[in-house]
Amino acid sequence: MLTKCPVEHHSACKSIYLIPGMAQIKSKRGEWLRDWIDFLFGFENKRGDVLDVWIDFAHTFSFPPQDFYAAVEKELANRKFPTMEMSREEFAEGGLLSDKRIYLRMFRERLAIYTCAAPFGTGYFFSCRTVYVPALVRLWHILAAILFFAVVGRVFLQPLRLTFTIIALVALVFALAGVLRNAASTALSDLDALLLKIPVVSTFYENWFREDTFYREDTRTLYITLVPAIVKAIADEITAAKGVKLVRQYETVPIVGDLYKPPRPAPQPEKM
């Protein structure tokens, strides 16, 4: 029996009709192969999960993108959201030689929010997408760690001999693991911030040792919810000042997990 693809324009749907379960199997196989290629040959983690995206369009409208970004930066600065870095980055429209669009990037830990304001024909669009890029350990991270312990072992080998060198290296591994495990505590917040800035170490720390606490989950959810809403409000305000109404072209529901969904009401007994 053939079934219609439930999600329009889904990347796994290469035809309108699919054999049940086949798209999911192919998708998992493709993801598995891509994960292994990234693990072996990847040096920078560029893959992320798009948690939320929306695009609004205004007909016969024009506005300097830099002024829009400045308004967003000013509003977020006034609200004093903690530890959010903002920068403006260029992304190519296509290949290396294609034109580029400037995006405002708002970044906190592994959560990035990108907003763009740009002309489209005689109209104008505003977009905002929320991306979460997890810390992923690559093969070169492991090789760098092995090289580090090999150099340390070489230093200890001559004065301590082989047996005591092995004992010292094992003790060093457990000591470093204990420091990384406890670095995210409130008392060691400065060490936590330092570890996040050290290449290679930051990846191991975030992926293997840094606990995802309730506070981090709550804060992440607040950013996912509040920042895109602020961007949308500023876009509405700018277009409304010129008598133009934004039209929603595309939107997805933010993915925040089953934990944050409101509970369903219990079924009421039928009256006799």
# chains A, B, ... in the order shown; residues from 1 in each chain; ligands from 1
>>> closest_atom_pairs(of="stretch 58-84 of chain A", to="stretch 88-92 of chain A", cutoff="12 Å", atoms="only C-alpha atoms", output="Markdown table")
| residue | atom | partner | partner_atom | distance |
| --- | --- | --- | --- | --- |
| A:Pro65 | CA | A:Arg88 | CA | 10.9 |
| A:Gln66 | CA | A:Arg88 | CA | 9.3 |
| A:Phe68 | CA | A:Arg88 | CA | 11.9 |
| A:Tyr69 | CA | A:Arg88 | CA | 8.5 |
| A:Ala70 | CA | A:Arg88 | CA | 10.3 |
| A:Val72 | CA | A:Arg88 | CA | 11.8 |
| A:Glu73 | CA | A:Arg88 | CA | 10.6 |
>>> write_last_selection(atoms="C-alpha atoms", output="compact mmCIF listing (two decimals), in the first residue's frame")
# COMPACT_ATOMS: atom_id res chain seq x y z
CA PRO A 65 18.93 45.91 6.84
CA GLN A 66 21.64 47.40 9.04
CA PHE A 68 16.86 46.69 11.43
CA TYR A 69 19.77 44.78 12.97
CA ALA A 70 20.71 47.82 15.04
CA VAL A 72 17.22 44.34 17.36
CA GLU A 73 20.62 44.73 19.05
>>> residues_around(residues="stretch 227-239 of chain A", least_positions_apart="4", cutoff="10 Å", atoms="only C-alpha atoms", output="number ranges by chain")
A: 52-56, 58, 61-63, 68-69, 71-73, 75-76, 81, 106, 113-117, 124-130, 222-223, 243-247
>>> residues_around(residues="A:Asp49", least_positions_apart="2", cutoff="6 Å", atoms="only C-alpha atoms", output="PyMOL selection string")
chain A and resi 51+131-132
>>> write_last_selection(atoms="N, CA and C atoms", output="tab-separated table (two decimals), in the first residue's frame")
chain	number	residue	atom	x	y	z
A	51	LEU	N	15.38	24.41	15.19
A	51	LEU	CA	14.30	24.29	16.15
A	51	LEU	C	13.08	25.12	15.78
A	131	VAL	N	18.75	27.67	15.66
A	131	VAL	CA	19.52	26.47	15.38
A	131	VAL	C	20.29	26.06	16.63
A	132	TYR	N	20.23	24.78	16.95
A	132	TYR	CA	21.03	24.25	18.06
A	132	TYR	C	22.08	23.31	17.50
>>> residues_around(residues="A:Asn207", least_positions_apart="4", cutoff="12 Å", atoms="only C-alpha atoms", output="PyMOL selection string")
chain A and resi 110+133-138+141+180-181+196+200-203+211-212
>>> write_last_selection(atoms="N, CA and C atoms", output="CSV table (one decimal), in the first residue's frame")
chain,number,residue,atom,x,y,z
A,110,ARG,N,25.5,26.8,22.7
A,110,ARG,CA,25.3,26.1,21.5
A,110,ARG,C,24.0,26.5,20.7
A,133,VAL,N,23.4,23.6,17.7
A,133,VAL,CA,24.5,22.8,17.2
A,133,VAL,C,25.2,22.2,18.4
A,134,PRO,N,24.9,20.9,18.6
A,134,PRO,CA,25.5,20.2,19.8
A,134,PRO,C,27.0,20.0,19.6
A,135,ALA,N,27.7,19.9,20.7
A,135,ALA,CA,29.2,19.6,20.7
A,135,ALA,C,29.4,18.2,20.3
A,136,LEU,N,30.1,17.9,19.2
A,136,LEU,CA,30.3,16.5,18.8
A,136,LEU,C,31.8,16.3,18.7
A,137,VAL,N,32.3,15.2,19.3
A,137,VAL,CA,33.7,14.8,19.3
A,137,VAL,C,34.0,14.2,18.0
A,138,ARG,N,35.1,14.7,17.3
A,138,ARG,CA,35.5,14.1,16.1
A,138,ARG,C,36.8,13.3,16.3
A,141,HIS,N,39.8,15.2,17.4
A,141,HIS,CA,39.8,15.6,18.8
A,141,HIS,C,40.5,14.4,19.6
A,180,LEU,N,36.7,18.4,35.1
A,180,LEU,CA,35.8,18.7,34.1
A,180,LEU,C,34.3,18.4,34.5
A,181,ARG,N,34.2,17.3,35.3
A,181,ARG,CA,32.8,17.0,35.8
A,181,ARG,C,32.3,18.0,36.7
A,196,LEU,N,35.1,26.5,28.1
A,196,LEU,CA,34.4,26.7,26.9
A,196,LEU,C,35.1,27.4,25.8
A,200,VAL,N,39.3,22.0,21.4
A,200,VAL,CA,39.4,20.6,21.7
A,200,VAL,C,38.9,20.3,23.1
A,201,VAL,N,39.5,20.9,24.1
A,201,VAL,CA,39.0,20.7,25.5
A,201,VAL,C,37.5,21.1,25.7
A,202,SER,N,37.1,22.2,25.0
A,202,SER,CA,35.7,22.6,25.1
A,202,SER,C,34.8,21.5,24.5
A,203,THR,N,35.2,20.9,23.5
A,203,THR,CA,34.3,19.9,22.8
A,203,THR,C,34.2,18.7,23.8
A,211,GLU,N,27.0,18.9,32.4
A,211,GLU,CA,25.6,18.5,32.7
A,211,GLU,C,24.6,19.5,32.2
A,212,ASP,N,23.6,19.0,31.5
A,212,ASP,CA,22.5,19.9,31.0
A,212,ASP,C,21.5,20.0,32.1
>>> atom_distance(atom1="atom CA of A:Ile102", atom2="atom CA of A:Lys80")
24.1 Å
>>> closest_residue(among="A:Glu85, A:Arg79, A:Ala145, A:Tyr103", to="A:Pro199", atoms="only C-alpha atoms")
A:Ala145
>>> select_by_dssp(residues="stretch 156-261 of chain A", states="strand (DSSP E)", output="PyMOL selection string")
chain A and resi 247-251
>>> closest_residue(among="A:Ala183, A:Lys74, A:Leu169, A:Glu93", to="A:Val155", atoms="only C-alpha atoms")
A:Leu169
>>> atom_distance(atom1="atom CA of A:Leu139", atom2="atom CA of A:Ile37")
10.1 Å
